[in-house]
Every structure is written in C-alpha cells, then in structure tokens.
$ cat start26.cif   # mmCIF, C-alpha atoms
data_data
loop_
_atom_site.label_atom_id
_atom_site.label_comp_id
_atom_site.auth_asym_id
_atom_site.auth_seq_id
_atom_site.Cartn_x
_atom_site.Cartn_y
_atom_site.Cartn_z
CA MET B 7 32.70 28.03 -96.62
CA ASN B 8 35.17 30.87 -96.51
CA GLN B 9 33.78 34.38 -96.23
CA PRO B 10 33.95 36.56 -99.34
CA VAL B 11 36.84 39.02 -99.08
CA LEU B 12 36.58 42.73 -99.87
CA ASP B 13 39.82 44.51 -100.73
CA PHE B 14 40.14 47.78 -98.81
CA PHE B 15 42.56 50.14 -100.58
CA PHE B 16 43.60 52.97 -98.29
CA GLU B 17 46.19 55.75 -97.97
CA PHE B 18 47.51 57.13 -94.69
CA ALA B 19 47.45 60.66 -96.13
CA SER B 20 43.73 60.41 -96.86
CA PRO B 21 41.16 61.78 -94.38
CA TYR B 22 38.33 59.69 -95.80
CA SER B 23 40.52 56.59 -95.50
CA TYR B 24 40.76 57.40 -91.79
CA LEU B 25 36.96 57.53 -91.56
CA SER B 26 36.63 54.17 -93.32
CA ALA B 27 39.41 52.47 -91.37
CA ALA B 28 37.64 53.35 -88.14
CA ARG B 29 34.48 51.44 -89.08
CA ILE B 30 35.20 48.86 -91.77
CA ASP B 31 35.86 45.91 -89.47
CA THR B 32 32.52 46.35 -87.70
CA VAL B 33 30.50 47.09 -90.81
CA ALA B 34 32.05 44.27 -92.84
CA ALA B 35 31.45 41.77 -90.04
CA SER B 36 27.79 42.75 -89.96
CA HIS B 37 27.62 41.90 -93.68
CA GLY B 38 29.49 38.59 -93.24
CA ILE B 39 32.41 39.83 -95.34
CA ALA B 40 36.13 39.58 -94.57
CA VAL B 41 38.43 42.53 -95.27
CA ARG B 42 41.87 42.54 -96.81
CA TRP B 43 43.69 45.73 -95.78
CA ARG B 44 45.70 46.96 -98.76
CA PRO B 45 47.69 50.15 -98.27
CA PHE B 46 48.71 51.86 -101.49
CA LEU B 47 50.11 55.21 -102.58
CA LEU B 48 48.08 57.97 -104.20
CA GLY B 49 51.20 59.98 -105.08
CA PRO B 50 52.05 58.09 -108.28
CA ILE B 51 48.40 58.17 -109.37
CA PHE B 52 48.09 61.89 -108.72
CA ARG B 53 51.38 62.60 -110.48
CA SER B 54 50.20 60.70 -113.55
CA GLN B 55 47.33 63.24 -113.67
CA GLY B 56 49.77 66.13 -113.42
CA TRP B 57 49.15 66.83 -109.72
CA GLU B 58 52.16 67.40 -107.49
CA THR B 59 50.10 67.53 -104.29
CA SER B 60 46.63 66.58 -103.09
CA PRO B 61 43.75 67.89 -105.21
CA PHE B 62 42.40 69.26 -101.92
CA ASN B 63 45.36 71.64 -101.93
CA ILE B 64 45.17 72.38 -105.66
CA TYR B 65 41.45 73.24 -105.60
CA PRO B 66 40.85 75.44 -102.53
CA ALA B 67 37.03 75.36 -102.57
CA LYS B 68 37.12 71.55 -102.68
CA GLY B 69 39.74 71.49 -99.94
CA ARG B 70 37.80 73.80 -97.63
CA TYR B 71 34.70 71.69 -98.11
CA MET B 72 36.57 68.44 -97.48
CA TRP B 73 37.90 69.59 -94.10
CA ARG B 74 34.46 70.75 -93.03
CA ASP B 75 32.84 67.55 -94.27
CA VAL B 76 35.33 65.25 -92.53
CA GLU B 77 34.96 67.26 -89.34
CA ARG B 78 31.16 66.91 -89.52
CA GLN B 79 31.37 63.19 -90.29
CA ALA B 80 33.85 62.51 -87.49
CA HIS B 81 31.71 64.48 -85.04
CA ALA B 82 28.57 62.59 -86.03
CA ARG B 83 30.39 59.28 -85.52
CA GLY B 84 31.92 60.25 -82.19
CA LEU B 85 35.42 60.03 -83.68
CA PRO B 86 38.28 62.31 -82.68
CA PHE B 87 39.72 64.25 -85.58
CA VAL B 88 42.83 66.40 -85.88
CA ARG B 89 43.73 68.00 -89.18
CA PRO B 90 47.22 66.82 -90.18
CA ASP B 91 49.73 69.63 -90.60
CA PRO B 92 51.34 69.67 -93.07
CA PHE B 93 48.77 68.07 -95.33
CA PRO B 94 49.15 65.67 -96.97
CA GLN B 95 51.38 63.65 -94.70
CA ASN B 96 53.78 61.23 -96.38
CA GLY B 97 52.12 57.82 -96.10
CA LEU B 98 55.00 55.81 -97.55
CA LEU B 99 56.58 54.54 -94.33
CA GLY B 100 53.21 53.74 -92.77
CA ALA B 101 52.13 51.79 -95.83
CA ARG B 102 55.36 49.78 -95.82
CA CYS B 103 55.05 49.04 -92.12
CA VAL B 104 51.53 47.66 -92.56
CA LEU B 105 52.82 45.33 -95.26
CA ALA B 106 55.82 44.40 -93.09
CA ALA B 107 53.48 43.17 -90.36
CA ASP B 108 51.99 39.69 -90.38
CA GLU B 109 48.72 39.66 -92.32
CA ASP B 110 46.72 39.17 -89.11
CA ALA B 111 48.38 42.19 -87.53
CA ARG B 112 47.88 44.57 -90.44
CA PRO B 113 44.59 46.08 -89.25
CA THR B 114 46.15 46.70 -85.82
CA ALA B 115 49.16 48.38 -87.41
CA ALA B 116 46.93 50.47 -89.67
CA HIS B 117 44.71 51.61 -86.81
CA ALA B 118 47.81 52.66 -84.84
CA ILE B 119 49.13 54.73 -87.74
CA PHE B 120 45.75 56.35 -88.52
CA HIS B 121 45.52 57.22 -84.83
CA ALA B 122 48.92 58.92 -84.96
CA ALA B 123 47.98 60.88 -88.09
CA PHE B 124 44.37 61.90 -87.50
CA GLU B 125 43.90 61.73 -83.74
CA ALA B 126 47.32 62.56 -82.26
CA GLY B 127 48.29 64.93 -85.09
CA GLN B 128 51.76 63.39 -85.40
CA GLN B 129 54.20 63.37 -88.32
CA ILE B 130 53.76 59.87 -89.71
CA GLY B 131 56.70 60.20 -92.08
CA ASP B 132 58.94 60.01 -88.99
CA PRO B 133 60.16 56.48 -88.12
CA GLU B 134 60.17 57.35 -84.41
CA VAL B 135 56.50 58.30 -84.54
CA ILE B 136 55.62 55.13 -86.40
CA GLY B 137 57.74 52.99 -84.08
CA ALA B 138 56.07 54.44 -81.00
CA ALA B 139 52.61 53.97 -82.51
CA LEU B 140 53.27 50.33 -83.40
CA ALA B 141 54.78 49.62 -79.99
CA ALA B 142 51.83 51.22 -78.22
CA ALA B 143 49.57 48.87 -80.18
CA GLY B 144 51.53 45.89 -78.84
CA LEU B 145 53.38 45.13 -82.08
CA ASP B 146 57.09 44.37 -82.50
CA ALA B 147 58.01 47.83 -83.78
CA PRO B 148 61.76 47.29 -84.35
CA ALA B 149 61.15 44.12 -86.37
CA ILE B 150 58.42 45.79 -88.46
CA LEU B 151 60.52 48.90 -89.13
CA ALA B 152 63.47 46.73 -90.16
CA ALA B 153 61.34 44.65 -92.54
CA ALA B 154 59.68 47.81 -93.90
CA SER B 155 62.88 48.88 -95.63
CA GLY B 156 63.42 45.50 -97.26
CA ASP B 157 62.89 44.75 -100.92
CA PRO B 158 59.97 42.31 -100.45
CA VAL B 159 57.91 44.96 -98.65
CA LYS B 160 58.81 47.65 -101.19
CA ALA B 161 57.73 45.28 -103.95
CA ALA B 162 54.50 44.44 -102.13
CA LEU B 163 53.58 48.13 -101.85
CA ARG B 164 54.36 48.73 -105.51
CA ALA B 165 52.17 45.72 -106.33
CA ASN B 166 49.28 47.16 -104.31
CA THR B 167 49.57 50.51 -106.09
CA ASP B 168 49.77 48.76 -109.47
CA ALA B 169 46.72 46.67 -108.55
CA ALA B 170 44.86 49.84 -107.55
CA ILE B 171 45.62 51.41 -110.92
CA ALA B 172 44.59 48.22 -112.72
CA HIS B 173 41.24 48.33 -110.89
CA GLY B 174 40.74 51.93 -112.09
CA ILE B 175 41.29 53.41 -108.63
CA PHE B 176 41.93 57.17 -108.61
CA GLY B 177 41.30 58.08 -104.97
CA ALA B 178 41.06 56.68 -101.46
CA PRO B 179 39.48 54.86 -99.86
CA SER B 180 38.38 52.45 -102.57
CA PHE B 181 36.90 48.99 -102.30
CA VAL B 182 37.19 46.09 -104.74
CA THR B 183 34.75 43.20 -104.51
CA PRO B 184 35.62 39.51 -105.12
CA ASP B 185 34.26 39.81 -108.69
CA GLY B 186 36.32 42.96 -109.40
CA GLU B 187 33.72 45.69 -108.95
CA MET B 188 35.27 48.93 -107.68
CA PHE B 189 33.61 51.40 -105.33
CA TRP B 190 35.16 54.74 -104.36
CA GLY B 191 34.74 56.61 -101.12
CA ASP B 192 33.69 56.00 -97.55
CA ASP B 193 30.08 56.61 -98.64
CA ARG B 194 30.19 53.51 -100.86
CA MET B 195 31.44 51.06 -98.22
CA GLU B 196 28.00 49.59 -97.59
CA ASP B 197 27.31 49.27 -101.33
CA ALA B 198 30.63 47.45 -101.80
CA LEU B 199 29.85 45.03 -98.97
CA GLN B 200 26.35 44.36 -100.26
CA TRP B 201 27.73 43.76 -103.75
CA SER B 202 30.31 41.34 -102.32
CA ARG B 203 27.55 39.35 -100.67
CA GLN B 204 25.32 39.29 -103.75
CA HIS B 205 27.99 38.48 -106.39
CA VAL B 206 29.97 35.61 -104.89
CA MET H 28 5.15 77.74 -88.71
CA ASN H 29 6.75 77.71 -92.11
CA GLN H 30 8.87 74.71 -93.00
CA PRO H 31 12.62 75.21 -93.11
CA VAL H 32 13.83 75.53 -96.71
CA LEU H 33 16.81 73.67 -98.17
CA ASP H 34 18.42 75.22 -101.25
CA PHE H 35 19.02 72.57 -103.92
CA PHE H 36 21.72 73.71 -106.35
CA PHE H 37 21.70 71.59 -109.48
CA GLU H 38 23.08 71.52 -113.04
CA PHE H 39 21.37 69.86 -115.99
CA ALA H 40 24.73 68.60 -117.25
CA SER H 41 25.37 66.73 -113.98
CA PRO H 42 24.51 63.03 -113.67
CA TYR H 43 24.44 63.14 -109.87
CA SER H 44 22.09 66.13 -110.06
CA TYR H 45 19.75 63.87 -112.04
CA LEU H 46 19.90 61.25 -109.28
CA SER H 47 19.12 63.85 -106.61
CA ALA H 48 16.36 65.55 -108.57
CA ALA H 49 14.57 62.23 -108.90
CA ARG H 50 14.26 61.79 -105.14
CA ILE H 51 14.63 65.11 -103.33
CA ASP H 52 10.94 65.99 -103.14
CA THR H 53 10.08 62.69 -101.48
CA VAL H 54 13.07 62.60 -99.16
CA ALA H 55 12.71 66.24 -98.11
CA ALA H 56 9.01 65.81 -97.38
CA SER H 57 9.81 62.86 -95.12
CA HIS H 58 12.12 65.20 -93.16
CA GLY H 59 9.55 68.02 -93.04
CA ILE H 60 11.77 70.29 -95.12
CA ALA H 61 10.77 72.39 -98.15
CA VAL H 62 13.05 72.57 -101.18
CA ARG H 63 14.01 75.57 -103.25
CA TRP H 64 15.15 74.41 -106.71
CA ARG H 65 18.09 76.56 -107.78
CA PRO H 66 19.62 75.77 -111.16
CA PHE H 67 23.12 77.14 -111.61
CA LEU H 68 26.01 76.74 -114.05
CA LEU H 69 29.13 74.74 -113.33
CA GLY H 70 30.90 76.05 -116.43
CA PRO H 71 32.09 79.35 -114.91
CA ILE H 72 33.20 77.53 -111.75
CA PHE H 73 35.12 74.91 -113.71
CA ARG H 74 36.70 77.53 -115.95
CA SER H 75 37.91 79.46 -112.90
CA GLN H 76 39.82 76.26 -111.98
CA GLY H 77 41.32 76.07 -115.45
CA TRP H 78 38.97 73.34 -116.72
CA GLU H 79 37.45 73.77 -120.17
CA THR H 80 35.20 70.71 -119.84
CA SER H 81 33.88 68.39 -117.13
CA PRO H 82 36.54 66.91 -114.82
CA PHE H 83 34.98 63.56 -115.73
CA ASN H 84 36.33 64.13 -119.25
CA ILE H 85 39.68 65.54 -118.10
CA TYR H 86 40.41 62.64 -115.70
CA PRO H 87 39.49 59.43 -117.54
CA ALA H 88 39.72 57.05 -114.55
CA LYS H 89 37.37 59.29 -112.59
CA GLY H 90 35.06 59.57 -115.58
CA ARG H 91 34.91 55.83 -116.18
CA TYR H 92 34.11 55.27 -112.51
CA MET H 93 31.43 57.97 -112.48
CA TRP H 94 29.50 56.40 -115.37
CA ARG H 95 29.64 52.98 -113.73
CA ASP H 96 28.65 54.40 -110.36
CA VAL H 97 25.69 56.39 -111.70
CA GLU H 98 24.56 53.34 -113.67
CA ARG H 99 24.71 51.19 -110.50
CA GLN H 100 22.90 53.82 -108.43
CA ALA H 101 20.17 54.32 -111.02
CA HIS H 102 19.68 50.56 -111.33
CA ALA H 103 19.45 50.14 -107.55
CA ARG H 104 16.81 52.90 -107.42
CA GLY H 105 14.80 51.61 -110.34
CA LEU H 106 15.56 54.72 -112.37
CA PRO H 107 16.07 54.74 -116.12
CA PHE H 108 19.47 56.10 -117.14
CA VAL H 109 20.86 57.05 -120.54
CA ARG H 110 24.36 58.42 -120.85
CA PRO H 111 24.12 61.88 -122.51
CA ASP H 112 26.08 62.11 -125.76
CA PRO H 113 27.89 64.41 -126.09
CA PHE H 114 28.78 64.86 -122.44
CA PRO H 115 28.46 67.30 -120.85
CA GLN H 116 25.29 68.68 -122.35
CA ASN H 117 24.87 72.45 -122.32
CA GLY H 118 22.59 73.15 -119.36
CA LEU H 119 22.22 76.90 -119.98
CA LEU H 120 18.85 76.92 -121.73
CA GLY H 121 17.36 74.40 -119.30
CA ALA H 122 18.52 76.42 -116.30
CA ARG H 123 17.03 79.59 -117.75
CA CYS H 124 13.72 77.87 -118.50
CA VAL H 125 13.42 76.64 -114.93
CA LEU H 126 13.90 80.19 -113.68
CA ALA H 127 11.45 81.49 -116.30
CA ALA H 128 8.72 79.24 -114.89
CA ASP H 129 6.60 80.26 -111.91
CA GLU H 130 8.28 79.20 -108.68
CA ASP H 131 5.65 76.52 -108.07
CA ALA H 132 6.26 75.04 -111.53
CA ARG H 133 10.05 74.92 -111.30
CA PRO H 134 10.33 71.34 -110.01
CA THR H 135 7.99 70.20 -112.80
CA ALA H 136 10.10 72.01 -115.40
CA ALA H 137 13.31 70.60 -113.95
CA HIS H 138 11.98 67.03 -113.90
CA ALA H 139 10.96 67.40 -117.55
CA ILE H 140 14.42 68.60 -118.57
CA PHE H 141 16.26 65.94 -116.55
CA HIS H 142 14.01 63.37 -118.20
CA ALA H 143 14.98 64.65 -121.64
CA ALA H 144 18.70 64.59 -120.78
CA PHE H 145 19.11 61.38 -118.77
CA GLU H 146 16.16 59.22 -119.72
CA ALA H 147 15.34 60.15 -123.32
CA GLY H 148 18.95 60.94 -124.26
CA GLN H 149 17.99 64.18 -126.00
CA GLN H 150 20.04 67.29 -126.77
CA ILE H 151 18.90 69.71 -124.07
CA GLY H 152 20.74 72.64 -125.61
CA ASP H 153 18.11 72.57 -128.39
CA PRO H 154 15.10 74.87 -127.80
CA GLU H 155 12.82 72.45 -129.66
CA VAL H 156 13.76 69.63 -127.28
CA ILE H 157 13.22 71.83 -124.24
CA GLY H 158 9.94 73.16 -125.62
CA ALA H 159 8.61 69.68 -126.25
CA ALA H 160 9.70 68.52 -122.79
CA LEU H 161 8.00 71.44 -121.06
CA ALA H 162 4.84 71.03 -123.12
CA ALA H 163 4.70 67.31 -122.35
CA ALA H 164 4.85 68.21 -118.66
CA GLY H 165 1.78 70.43 -119.09
CA LEU H 166 3.65 73.75 -118.93
CA ASP H 167 3.24 76.77 -121.23
CA ALA H 168 6.37 76.09 -123.25
CA PRO H 169 6.22 79.10 -125.62
CA ALA H 170 5.79 81.54 -122.73
CA ILE H 171 8.62 79.95 -120.75
CA LEU H 172 10.99 79.89 -123.74
CA ALA H 173 10.21 83.53 -124.46
CA ALA H 174 10.84 84.60 -120.87
CA ALA H 175 14.00 82.47 -120.75
CA SER H 176 15.80 84.82 -123.12
CA GLY H 177 14.83 87.93 -121.16
CA ASP H 178 17.21 89.91 -118.98
CA PRO H 179 15.47 89.18 -115.64
CA VAL H 180 15.93 85.43 -116.13
CA LYS H 181 19.52 85.83 -117.28
CA ALA H 182 20.21 87.91 -114.18
CA ALA H 183 18.50 85.36 -111.94
CA LEU H 184 20.69 82.57 -113.28
CA ARG H 185 23.84 84.64 -112.82
CA ALA H 186 22.67 85.36 -109.26
CA ASN H 187 22.23 81.64 -108.57
CA THR H 188 25.72 80.88 -109.87
CA ASP H 189 27.18 83.75 -107.84
CA ALA H 190 25.33 82.50 -104.75
CA ALA H 191 26.71 79.01 -105.35
CA ILE H 192 30.25 80.37 -105.51
CA ALA H 193 29.66 82.45 -102.38
CA HIS H 194 28.55 79.30 -100.54
CA GLY H 195 31.79 77.57 -101.60
CA ILE H 196 30.06 75.28 -104.09
CA PHE H 197 32.41 73.57 -106.55
CA GLY H 198 30.25 70.73 -107.90
CA ALA H 199 26.68 69.53 -108.28
CA PRO H 200 24.38 68.72 -106.71
CA SER H 201 24.99 70.79 -103.61
CA PHE H 202 22.65 71.64 -100.77
CA VAL H 203 22.65 74.74 -98.57
CA THR H 204 20.77 74.70 -95.27
CA PRO H 205 18.85 77.64 -93.77
CA ASP H 206 21.86 78.48 -91.58
CA GLY H 207 24.28 78.39 -94.52
CA GLU H 208 25.85 74.96 -94.12
CA MET H 209 26.85 73.46 -97.48
CA PHE H 210 26.73 69.76 -98.39
CA TRP H 211 28.04 68.38 -101.68
CA GLY H 212 26.78 65.36 -103.55
CA ASP H 213 23.73 63.15 -103.75
CA ASP H 214 25.19 61.09 -100.89
CA ARG H 215 24.89 64.06 -98.52
CA MET H 216 21.21 64.86 -99.19
CA GLU H 217 20.02 63.15 -96.02
CA ASP H 218 22.72 64.86 -93.93
CA ALA H 219 21.70 68.24 -95.35
CA LEU H 220 18.04 67.62 -94.54
CA GLN H 221 18.82 66.44 -91.03
CA TRP H 222 21.02 69.49 -90.46
CA SER H 223 18.21 71.74 -91.71
CA ARG H 224 15.85 70.25 -89.17
CA GLN H 225 18.31 70.49 -86.29
CA HIS H 226 19.63 74.01 -86.93
CA VAL H 227 16.52 76.11 -87.52
#
$ encode --input "start26.cif" --output "structure tokens"
Amino acid sequence: MNQPVLDFFFEFASPYSYLSAARIDTVAASHGIAVRWRPFLLGPIFRSQGWETSPFNIYPAKGRYMWRDVERQAHARGLPFVRPDPFPQNGLLGARCVLAADEDARPTAAHAIFHAAFEAGQQIGDPEVIGAALAAAGLDAPAILAAASGDPVKAALRANTDAAIAHGIFGAPSFVTPDGEMFWGDDRMEDALQWSRQHV
Amino acid sequence: MNQPVLDFFFEFASPYSYLSAARIDTVAASHGIAVRWRPFLLGPIFRSQGWETSPFNIYPAKGRYMWRDVERQAHARGLPFVRPDPFPQNGLLGARCVLAADEDARPTAAHAIFHAAFEAGQQIGDPEVIGAALAAAGLDAPAILAAASGDPVKAALRANTDAAIAHGIFGAPSFVTPDGEMFWGDDRMEDALQWSRQHV
C-alpha cells in the first residue's frame, strides 16, 4: 500500500517554514507519512488582505516576538539561524526553482535554498545565489534555472498558490492532509501527521 | 524555597486562553512552577494596531481556521467547546471580577467565567451571568461584583494591561517567566514553564 501523503505548503520568505523544512522529512517518516513539498507565494494572499509586506513588519510587537521565538526554537533544536536582511526576502525564484526540479529532487533543492536564506544570510532573490546553492547541493543548477523561467513552472507555482487559497491557507507553513484537513504552523506538524494516519 | 512563578496573561474573549486555562494548573504543577493568573484586555492593544474587533473577524480565512483548530484541540483534550456568539465577548467584567476576588480564589473565578463563555455559551458581559457563575463555583458573588466596580480593581486591571504591553504582549494567552521572557500562545505553555525552571 502506498503511504498517505501530506502536502507541505511553504514559503522561502517564512522563518517558520524554515523551521519546518528542517525537520519534516524525519518527523513524517516516523509517522509513516510521505511528504509532498509544495512551494507557494504568500504575497498574493497578503495583498488580498491589504498587506503590502509581511505582517511581522506591519505589527512591530508581533514581529519582535517572532524573531525572538524563532531564535529560541532554532537554538533549542540545534539549528543555525540568521535573520534575513532585508526581510522578507523575495521567495519567487526559489519557489520556481523547486518546481523546476524533478519531484524527487525538490526537497534537496528546498533545503539548499532555505540554507542560503536562513543559515548563510544570502539574498535568495538573486539567481547567482540560487544557482550556487543548487550546485552545492549537487543539482543541475543551469538546467533548473532555465526551466524556472518557463511557462509550465510559472503555471505550476500559480496552481500551488491557488490550491493554498482554496484550502483556506493564510500563512506558512501549512499542512493539508489526504482528506483535506488544513493545519497551520510548525507547531501543528505532528497533529497534521497524526491526522493523516488516522483519516486515510 | 519558594516556587518560581509564571505570569499567565489571559483574556476571557480569547478561545486559546480558554484552552490554556483548562490545563495550566496541572501542567505547571508537573513542572514545579506556580502560576499567577493575570487577566488583561486585548481591546486597547488591538485598537492601538487599528483593529476595532478581533483579527479573527477582520481576516476571515484566519478566523475560519481558528474555530476549526480550537474545535480540534478541544476535542483531542476531551474539553467541551461552544463557540461564543457574538464573538468576541466583552471580557471586561470577567477580568475585573477575577481581580476583585482574593488572590487564592482567582483561578476558581476564572474557571467559572471561562466555563460560562466557552462551555455554557453565555453572555459574559452580563453581570447576572457572571454572578451566577461565581456563585455556582462557591464564591461570594455579590461581594465580588461590588468590588469589581471599585477604583482599586479598575486600576489593577489597567496595570495588568499596561504590564502586558510593557512585556511586548500582542495576543492571548501569553506567559511571562520570572526573568521576563515572553511566550505567546497555548502551544508555548510548556516552553514557558521549562524556561521558568531553567532560568531562576
């Protein structure tokens, strides 16, 4: 029997997506659940709420707390963490590159880009940064970058963002179970995996 | 040696405050931490951000998710849960009554008011509802209601809200450790208790 598949909706601009990306493969495997890595864009969702930047920038108290919280969480997990500057980074190119990679290679591509953004503190909107990150991860960076600007990949990213909106997603990371239940936030990863196992 | 004390900032309008109130005594005791119950008001904090109602009402996708999430969490914990209508309820009178009770009786008063709001589905802005809830919990309801409208209690509630703002609190529940570290959300209760134990 095939494993149930949990959809992992993530954004390269999102600090909590970084925290989830670092652990989801291990945690999902321990639950017997497969993961589909689905990059999407928060920008269109935020703009539809009238926000022109991250709510962490719009609401300073919330932003200050978020940075402290992510720093604490990363420290407790033994993860490096560098605060991206400027924040938010533009996750568009990274998201397209993940979708330009073969499905099997998408987690590797995503890890490389999260590393660039939240561990190396690099500008992930820059094609040279992304190319170097993909190459360092052993991927065919020129081929991925070329495909990333093609219409099929652009359409695939729009489809992921549309799917996120259809699932009621308003932030990242979010998780959607095989039966369509949506969970928001790194703190709900275990709940989403347990739900996926119990509602096949 | 006295136990370390965790400050528990809660709002009677807040569904996640209800979830935390239902378990904090037990969880804190298991960590060897005492709890100081500190009702405060989110209204002034929200208004300072330009919000005239709960963000769960302003942002419908977030609101829809919140109700589903609280329902799932309550179910998983074996807790009754009724969605307050209208939402948010006015938590002012409840907050004042908690502060009008003797310090030892405050958790009992708070449990009674959360029960009225999130289990019985009552209008907790109504003094008769609050009076009946306090009386059913074995408290001296007339004395508490009388003290609740006095200046010392009004000042104590303003002081709690001011302290919340000074700690950077922007939502409820929030927890402040003896060394001033702030944690937001029911999901961070265990982290806040662990921090309190490790940073005495």
$ atom_distance --input "start26.cif" --atom1 "CA of Arg42 (chain B)" --atom2 "CA of Gly177 (chain B)"
17.6 Å
$ residues_near_point --input "start26.cif" --point "(24.8, 66.2, -92.7)" --cutoff "12 Å" --atoms "all atoms listed in the file" --output "number ranges by chain"
B: 74-83; H: 201-204, 208-226
$ residues_around --input "start26.cif" --residues "Tyr24 (chain B)" --least-positions-apart "3" --cutoff "9 Å" --atoms "only C-alpha atoms" --output "compact mmCIF listing (two decimals) with C-alpha atoms, in the frame of the given file"
# COMPACT_ATOMS: atom_id res chain seq x y z
CA PHE B 16 43.60 52.97 -98.29
CA GLU B 17 46.19 55.75 -97.97
CA PHE B 18 47.51 57.13 -94.69
CA ALA B 19 47.45 60.66 -96.13
CA SER B 20 43.73 60.41 -96.86
CA PRO B 21 41.16 61.78 -94.38
CA ALA B 27 39.41 52.47 -91.37
CA ALA B 28 37.64 53.35 -88.14
CA HIS B 117 44.71 51.61 -86.81
CA PHE B 120 45.75 56.35 -88.52
CA HIS B 121 45.52 57.22 -84.83
CA ALA B 123 47.98 60.88 -88.09
CA PHE B 124 44.37 61.90 -87.50
CA PRO B 179 39.48 54.86 -99.86
$ atom_distance --input "start26.cif" --atom1 "CA of Val104 (chain B)" --atom2 "CA of Ile150 (chain B)"
8.2 Å
$ residues_around --input "start26.cif" --residues "region 75-77 of chain H" --least-positions-apart "6" --cutoff "12 Å" --atoms "all atoms listed in the file" --output "list in words"
Pro61, Ile64, Tyr65, Pro66, Ala67 and Lys68 of chain B; Leu69, Ile85, Ile192, Phe197 and Gly198 of chain H
$ residues_near_point --input "start26.cif" --point "(15.5, 56.6, -120.8)" --cutoff "6 Å" --atoms "all atoms listed in the file" --output "short mmCIF file (atom, residue, chain, number, x, y, z; two decimals) with C-alpha atoms, in the frame of the given file"
data_model
loop_
_atom_site.label_atom_id
_atom_site.label_comp_id
_atom_site.auth_asym_id
_atom_site.auth_seq_id
_atom_site.Cartn_x
_atom_site.Cartn_y
_atom_site.Cartn_z
CA PRO H 107 16.07 54.74 -116.12
CA PHE H 108 19.47 56.10 -117.14
CA VAL H 109 20.86 57.05 -120.54
CA GLU H 146 16.16 59.22 -119.72
CA ALA H 147 15.34 60.15 -123.32
#
$ residues_around --input "start26.cif" --residues "Ile119 (chain B)" --least-positions-apart "4" --cutoff "8 Å" --atoms "all atoms listed in the file" --output "list in words"
Phe18, Gly100, Ala115, Ala123, Ile130, Ile136, Ala139 and Leu140 of chain B
$ atom_distance --input "start26.cif" --atom1 "CA of Ala101 (chain B)" --atom2 "CA of Arg44 (chain B)"
8.6 Å
$ resolve_selection --input "start26.cif" --expression "the PyMOL selection byres ((chain H and resi 32) around 8)" --output "ChimeraX atom specification"
/H:30-31,33-34,60-63,204-205,223
$ closest_residue --input "start26.cif" --among "B:Gly131, B:Gly49, B:Gly38, B:Gly69" --to "chain H" --atoms "only C-alpha atoms"
B:Gly69
$ closest_residue --input "start26.cif" --among "B:Gly127, B:Gly84, B:Pro94, B:Pro148" --to "Ala106 (chain B)" --atoms "all atoms listed in the file"
B:Pro148
$ closest_residue --input "start26.cif" --among "H:His194, H:Ala182, H:Leu120, H:Phe73" --to "Gly158 (chain H)" --atoms "all atoms listed in the file"
H:Leu120
$ closest_residue --input "start26.cif" --among "B:Leu98, B:Met72, B:Ala111, B:Val33" --to "chain H" --atoms "all atoms listed in the file"
B:Met72
$ axis_aligned_box --input "start26.cif" --around "region 141-153 of chain B" --padding-each-side "4 Å" --output "AutoDock Vina command-line options"
--center_x 56.5 --center_y 47.7 --center_z -85.4 --size_x 21.9 --size_y 15.1 --size_z 22.3
$ closest_residue --input "start26.cif" --among "H:Asp206, H:Trp64, H:Ala162, H:Asp153" --to "Arg133 (chain H)" --atoms "only C-alpha atoms"
H:Trp64
$ closest_residue --input "start26.cif" --among "B:Ala142, B:Leu47, B:Ala118, B:Val135" --to "Asn96 (chain B)" --atoms "all atoms listed in the file"
B:Leu47
$ residues_around --input "start26.cif" --residues "Lys160 (chain B)" --least-positions-apart "2" --cutoff "10 Å" --atoms "all atoms listed in the file" --output "count of residues only"
17
